[in-house]
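**Student:** Submitted below is the structure of interest, expressed as structure tokens.
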Amino acid sequence: MRRLSPGSWEIPVTADRRMKVPARVYADEILAAPMAGDRSLEQLMNVAMLPGIVDAALGMPDIHQGYGFPIGGVAAFSLEDGGLVSPGGVGYDINCGVRLLAGSSAADLPQDIIRRVTARLAARCPRGGGKGAIKIFKEKSFRRLMSRGAETAVEEGFGTRADLDYCEDHGRLPADEDVVSPRAMERGISETGSLGGGNHFLEIGKVSALYDEKTARRWGLFQGQLTLMVHCGSRGLGHQVCSDYVRLFQQEKGPFPDRELAWAPADSSRGRSYIAAMNAAANFAYANRQILGASLSEALSQAIWEEARLHCDFRLLYDITHNMARREVHMVSGKELPCIVHRKGATRAFPASHMKGTAFAETGHPVFVPGSMGSSSYILRGTEKGLAETFGSCCHGAGRLLSRREALRRVDPGQLVKTLEREGIVVMGSAPRGLAEEAPQAYKDVSRVVSVLEGEGLAVIVARLEPLAVVKG
DNA sequence: ATGTAC
């Protein structure tokens with residue numbers, strides 16, 4: 001890798017010319033070090049070999065290896081040269097994302113109150129592997145949900161129409177539920193309004209620092225404010241859609257730089273079907289977060305009132321995805337170019353100029369960067385430089401440092417819960433093993449991750465959140 | 001990430 005600036009590196013096009021464009025990674029020395037120990041850079045070079053790729057294959061500071069395409073990876077493919085779509089470039093959890101609800105009150109609640117409030121919240125949230133749903137839809141309304149996303153959740157009584165203005169894509173992408181397999185649908189129908197497992201969580205937090213005060217004020221953020229964060233995705237439905245289409249695309253001869261990077265032209269019948277099915281899974285995920293956000297924030301308000309006699313209502317600040325491929329227009333070599341931008345473990349970070357006609361026309365939209373369990377989270381906004389340099393993209397979290405297996409080997413879950421409680425953080429897990437896999441030691445330092453992007457002028461840090469309680473899937 | 005495999 002060649003260093004371009006204090007926070008960026010380039011892997012130039014290789015002599016064999018298999019890479020069509022360079023790969024570019026955002027990191028300082030400390031975040032760059034673990035990249036030598038996994039396949040993330042090799043995977044990024046494979047992405048750079050895909051036909052129609054524009055400018056560079058990009059790696060965010062939280063990059064680590066994934067299925068075919070690294071998590072923390074961004075790649076845009078020109079629709080003028082055909083353009084391709086790859087399920088591996090989106091990931092198995094289609095439209096995994098984060099929703100943040102901001103409370104109307106600041107509060108300094110004692111830990112025993114937080115514990116009781118959290119227990120009430122946890123009791124209302126289906127989580128962990130397998131079935132469990134806040135609402136089981138009938139087939140007809142479930143189909144409607146797959147084509148209309150968060151709007152259907154609102155019509156079913158979860159939240160308000162105004163919430164849709166605070167969801168990316170207004171909580172809905174153009175989908176066709178007829179290209180979703182019956183098996184995928186079955187899996188989704190029994191999991192509508194559920195958190196899932198792995199790194200998915202609910203977090204009660206509070207605003208602990210304001211950096212860009214003007215923007216924070218515009219977004220209604222204030223010091224000490226209670227928050228509720230929801231991190232989850234499309235559950236078994238998205239997983240099944242991804243498996244179905246990876247298998248279908250792998251039937252073609254390629255050539256693929258890696259079988260896990262199987263792709264299809266976006267305008268082919270297979271490509272169009274995948275996009276329509278991916279969007280149906282994305283709509284399910286938007287609805288899933290709408291249902292969880294609306295019902296759990298209501299439960300949280302009620303619990304805070306009953307346990308602490310404090311009025312605290314929650315309103316949606318934003319809902320942002322970090323696993324999607326979408327059609328977007330970007331300026332490339334002074335020309336507007338329609339592309340399909342894949343972001344896997346990476347978010348959009350559109351500044352004001354790209355948010356005209358929305359609630360964030362003056363500021364750009366918020367980007368949520370949750371840290372690992374027990375560490376701070378950040379709220380960022382994108383910049384014009386980021387729009388030009390990364391297709392308006394940003395990191396999505398701390399980034400895994402240890403494999404799940406290695407984390408399990410090193411971490412004692414009981415000890416972990418005790419340590420976090422001593423730090424003043426209540427933890428409720430569904431499985432001890434899941435907790436160990438998500439231990440803070442298994443992740444990079446989220447503050448360093450966001451600092452790199454700010455240092456490169458790709459994002460502005462607006463606020464920091466401290467965790468009070470975590471409910472793990 | 002995931003009813004943790006074809």
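Chain identifiers are assigned as A, B, and so on, following the order in which chains appear in the structure tokens; residues are numbered from 1 within each chain, and ligands are numbered from 1 in order of appearance.
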Compute the set of chain B residues within 7 Å of chain A, using only C-alpha atoms (C1' of nucleotides), and express it as a count of residues only.

**Tutor:** 3

**Student:** Give me, as a tab-separated table, the closest atom pair and its distance (Å, one decimal) for every residue of range 44-150 of chain A within a cut-off of 12 Å of range 282-291 of chain A, counting only C-alpha atoms, rows sorted by chain and rising number.

**Tutor:**
residue	atom	partner	partner_atom	distance
A:Val90	CA	A:Ala282	CA	10.8
A:Gly91	CA	A:Ala282	CA	11.8
A:Tyr92	CA	A:Ala282	CA	11.5
A:Asp93	CA	A:Ala285	CA	9.2
A:Ile94	CA	A:Ala282	CA	6.0
A:Asn95	CA	A:Ala282	CA	4.9
A:Cys96	CA	A:Ala285	CA	7.0
A:Gly97	CA	A:Ala285	CA	8.1
A:Val98	CA	A:Arg289	CA	8.1
A:Arg99	CA	A:Arg289	CA	7.0
A:Leu100	CA	A:Arg289	CA	10.1
A:Leu101	CA	A:Gln290	CA	10.9
A:Arg124	CA	A:Ile291	CA	11.7
A:Cys125	CA	A:Ile291	CA	10.5
A:Pro126	CA	A:Asn288	CA	11.5
A:Ala133	CA	A:Asn288	CA	9.5
A:Ile134	CA	A:Ile291	CA	7.6
A:Lys135	CA	A:Ile291	CA	8.6
A:Ile136	CA	A:Ile291	CA	11.6
A:Phe137	CA	A:Phe284	CA	11.7
A:Ser141	CA	A:Phe284	CA	11.8
A:Phe142	CA	A:Phe284	CA	8.8
A:Arg143	CA	A:Phe284	CA	9.6
A:Arg144	CA	A:Asn283	CA	9.8
A:Leu145	CA	A:Phe284	CA	6.5
A:Met146	CA	A:Phe284	CA	5.3
A:Ser147	CA	A:Asn283	CA	6.6
A:Arg148	CA	A:Asn283	CA	6.5
A:Gly149	CA	A:Asn283	CA	3.9
A:Ala150	CA	A:Ala287	CA	4.0

**Student:** Selected residues, N, CA and C atoms, written as a PDB file, in the first residue's frame, please.

**Tutor:**
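Written output follows (result-v6.pdb):
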ATOM      1  N   VAL A  90     -23.525  -6.647  -1.038  1.00  0.00           N
ATOM      2  CA  VAL A  90     -24.569  -6.115  -0.159  1.00  0.00           C
ATOM      3  C   VAL A  90     -24.511  -6.858   1.178  1.00  0.00           C
ATOM      4  N   GLY A  91     -24.315  -8.174   1.063  1.00  0.00           N
ATOM      5  CA  GLY A  91     -24.200  -8.998   2.262  1.00  0.00           C
ATOM      6  C   GLY A  91     -25.457  -9.781   2.533  1.00  0.00           C
ATOM      7  N   TYR A  92     -25.341 -10.711   3.461  1.00  0.00           N
ATOM      8  CA  TYR A  92     -26.460 -11.587   3.810  1.00  0.00           C
ATOM      9  C   TYR A  92     -27.540 -10.839   4.559  1.00  0.00           C
ATOM     10  N   ASP A  93     -27.173  -9.824   5.349  1.00  0.00           N
ATOM     11  CA  ASP A  93     -28.214  -9.079   6.061  1.00  0.00           C
ATOM     12  C   ASP A  93     -28.554  -7.819   5.275  1.00  0.00           C
ATOM     13  N   ILE A  94     -29.396  -8.023   4.244  1.00  0.00           N
ATOM     14  CA  ILE A  94     -29.804  -6.927   3.367  1.00  0.00           C
ATOM     15  C   ILE A  94     -30.480  -5.815   4.194  1.00  0.00           C
ATOM     16  N   ASN A  95     -30.041  -4.583   3.971  1.00  0.00           N
ATOM     17  CA  ASN A  95     -30.572  -3.426   4.717  1.00  0.00           C
ATOM     18  C   ASN A  95     -30.481  -3.619   6.230  1.00  0.00           C
ATOM     19  N   CYS A  96     -29.375  -4.160   6.673  1.00  0.00           N
ATOM     20  CA  CYS A  96     -29.071  -4.045   8.089  1.00  0.00           C
ATOM     21  C   CYS A  96     -28.872  -2.537   8.321  1.00  0.00           C
ATOM     22  N   GLY A  97     -29.328  -2.025   9.443  1.00  0.00           N
ATOM     23  CA  GLY A  97     -29.198  -0.586   9.646  1.00  0.00           C
ATOM     24  C   GLY A  97     -29.441  -0.170  11.085  1.00  0.00           C
ATOM     25  N   VAL A  98     -29.368   1.123  11.289  1.00  0.00           N
ATOM     26  CA  VAL A  98     -29.485   1.681  12.634  1.00  0.00           C
ATOM     27  C   VAL A  98     -30.526   2.801  12.640  1.00  0.00           C
ATOM     28  N   ARG A  99     -31.384   2.752  13.654  1.00  0.00           N
ATOM     29  CA  ARG A  99     -32.387   3.806  13.847  1.00  0.00           C
ATOM     30  C   ARG A  99     -32.122   4.434  15.202  1.00  0.00           C
ATOM     31  N   LEU A 100     -32.146   5.758  15.240  1.00  0.00           N
ATOM     32  CA  LEU A 100     -31.951   6.439  16.524  1.00  0.00           C
ATOM     33  C   LEU A 100     -33.167   7.279  16.854  1.00  0.00           C
ATOM     34  N   LEU A 101     -33.691   7.083  18.070  1.00  0.00           N
ATOM     35  CA  LEU A 101     -34.798   7.893  18.567  1.00  0.00           C
ATOM     36  C   LEU A 101     -34.254   8.782  19.676  1.00  0.00           C
ATOM     37  N   ARG A 124     -40.199  -6.766  26.009  1.00  0.00           N
ATOM     38  CA  ARG A 124     -41.080  -6.427  24.875  1.00  0.00           C
ATOM     39  C   ARG A 124     -40.435  -6.695  23.515  1.00  0.00           C
ATOM     40  N   CYS A 125     -39.188  -7.169  23.519  1.00  0.00           N
ATOM     41  CA  CYS A 125     -38.456  -7.262  22.251  1.00  0.00           C
ATOM     42  C   CYS A 125     -38.081  -8.702  21.898  1.00  0.00           C
ATOM     43  N   PRO A 126     -38.738  -9.295  20.882  1.00  0.00           N
ATOM     44  CA  PRO A 126     -38.322 -10.617  20.423  1.00  0.00           C
ATOM     45  C   PRO A 126     -36.880 -10.533  19.900  1.00  0.00           C
ATOM     46  N   ALA A 133     -42.004 -12.576  16.868  1.00  0.00           N
ATOM     47  CA  ALA A 133     -42.356 -11.369  16.132  1.00  0.00           C
ATOM     48  C   ALA A 133     -43.279 -10.500  16.965  1.00  0.00           C
ATOM     49  N   ILE A 134     -43.193  -9.196  16.773  1.00  0.00           N
ATOM     50  CA  ILE A 134     -44.124  -8.290  17.446  1.00  0.00           C
ATOM     51  C   ILE A 134     -45.501  -8.413  16.795  1.00  0.00           C
ATOM     52  N   LYS A 135     -45.519  -8.625  15.492  1.00  0.00           N
ATOM     53  CA  LYS A 135     -46.805  -8.823  14.805  1.00  0.00           C
ATOM     54  C   LYS A 135     -46.649  -9.846  13.673  1.00  0.00           C
ATOM     55  N   ILE A 136     -47.523 -10.834  13.657  1.00  0.00           N
ATOM     56  CA  ILE A 136     -47.538 -11.783  12.542  1.00  0.00           C
ATOM     57  C   ILE A 136     -48.536 -11.267  11.509  1.00  0.00           C
ATOM     58  N   PHE A 137     -48.044 -10.946  10.323  1.00  0.00           N
ATOM     59  CA  PHE A 137     -48.910 -10.446   9.264  1.00  0.00           C
ATOM     60  C   PHE A 137     -49.524 -11.610   8.494  1.00  0.00           C
ATOM     61  N   SER A 141     -51.116  -8.871   3.612  1.00  0.00           N
ATOM     62  CA  SER A 141     -50.536  -7.632   4.151  1.00  0.00           C
ATOM     63  C   SER A 141     -49.003  -7.735   4.246  1.00  0.00           C
ATOM     64  N   PHE A 142     -48.494  -8.954   4.377  1.00  0.00           N
ATOM     65  CA  PHE A 142     -47.035  -9.117   4.371  1.00  0.00           C
ATOM     66  C   PHE A 142     -46.465  -8.783   2.987  1.00  0.00           C
ATOM     67  N   ARG A 143     -47.199  -9.177   1.951  1.00  0.00           N
ATOM     68  CA  ARG A 143     -46.765  -8.827   0.590  1.00  0.00           C
ATOM     69  C   ARG A 143     -46.757  -7.304   0.414  1.00  0.00           C
ATOM     70  N   ARG A 144     -47.780  -6.671   0.962  1.00  0.00           N
ATOM     71  CA  ARG A 144     -47.868  -5.212   0.902  1.00  0.00           C
ATOM     72  C   ARG A 144     -46.666  -4.595   1.625  1.00  0.00           C
ATOM     73  N   LEU A 145     -46.310  -5.179   2.759  1.00  0.00           N
ATOM     74  CA  LEU A 145     -45.172  -4.692   3.542  1.00  0.00           C
ATOM     75  C   LEU A 145     -43.868  -4.821   2.738  1.00  0.00           C
ATOM     76  N   MET A 146     -43.715  -5.921   2.013  1.00  0.00           N
ATOM     77  CA  MET A 146     -42.498  -6.088   1.204  1.00  0.00           C
ATOM     78  C   MET A 146     -42.436  -5.093   0.057  1.00  0.00           C
ATOM     79  N   SER A 147     -43.612  -4.648  -0.437  1.00  0.00           N
ATOM     80  CA  SER A 147     -43.553  -3.673  -1.532  1.00  0.00           C
ATOM     81  C   SER A 147     -43.611  -2.227  -1.049  1.00  0.00           C
ATOM     82  N   ARG A 148     -44.104  -1.990   0.169  1.00  0.00           N
ATOM     83  CA  ARG A 148     -44.252  -0.605   0.640  1.00  0.00           C
ATOM     84  C   ARG A 148     -43.454  -0.250   1.885  1.00  0.00           C
ATOM     85  N   GLY A 149     -42.776  -1.222   2.481  1.00  0.00           N
ATOM     86  CA  GLY A 149     -41.835  -0.950   3.563  1.00  0.00           C
ATOM     87  C   GLY A 149     -42.447  -0.329   4.803  1.00  0.00           C
ATOM     88  N   ALA A 150     -41.758   0.695   5.334  1.00  0.00           N
ATOM     89  CA  ALA A 150     -42.133   1.294   6.623  1.00  0.00           C
ATOM     90  C   ALA A 150     -43.560   1.857   6.608  1.00  0.00           C
TER      91      ALA A 150
END

**Student:** Give me the residues within 12 Å of range 333-336 of chain A as a PyMOL selection string, counting only C-alpha atoms (C1' of nucleotides) and dropping any in the same chain fewer than 4 places off.

**Tutor:** chain A and resi 54-55+78-80+328-329+388-389

**Student:** Can you list, as a VMD selection string, every residue of range 282-432 of chain A that DSSP puts in helix (DSSP H, G or I)?

**Tutor:** chain A and resid 282 to 308 352 to 354 384 to 390 404 to 410 413 to 422 432

**Student:** Give the answer as one residue: which of A:Ala36, A:Cys339, A:Glu456, A:Tyr245 has the shortest atom-to-atom distance to Leu4 in chain A, using only C-alpha atoms?

**Tutor:**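 Nearest candidate to Leu4 in chain A out of A:Ala36, A:Cys339, A:Glu456, A:Tyr245: A:Glu456.
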
**Student:** Any chance you could list, as a list in words, the residues in range 33-200 of chain A that come up strand (DSSP E) when DSSP is run on the backbone?

**Tutor:**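 Strand (DSSP E) members of range 33-200 of chain A, listed: Ala57, Leu58, Gly59, Met60, Pro61, Asp62, Ile63, His64, Ile71, Gly72, Gly73, Val74, Ala75, Ala76, Phe77, Ser78, Leu84, Val85, Gly97, Val98, Arg99, Leu100, Leu101, Ala102, Gly103, Ser104, Ser105 and Ala106 of chain A.
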
**Student:** Give me the residues within 9 Å of Leu31 in chain A as a list in words, counting only C-alpha atoms (C1' of nucleotides) and dropping any in the same chain fewer than 6 places off.

**Tutor:** Pro61, Asp62, Ile63, Lys444, Asp445, Arg448 and Val449 of chain A
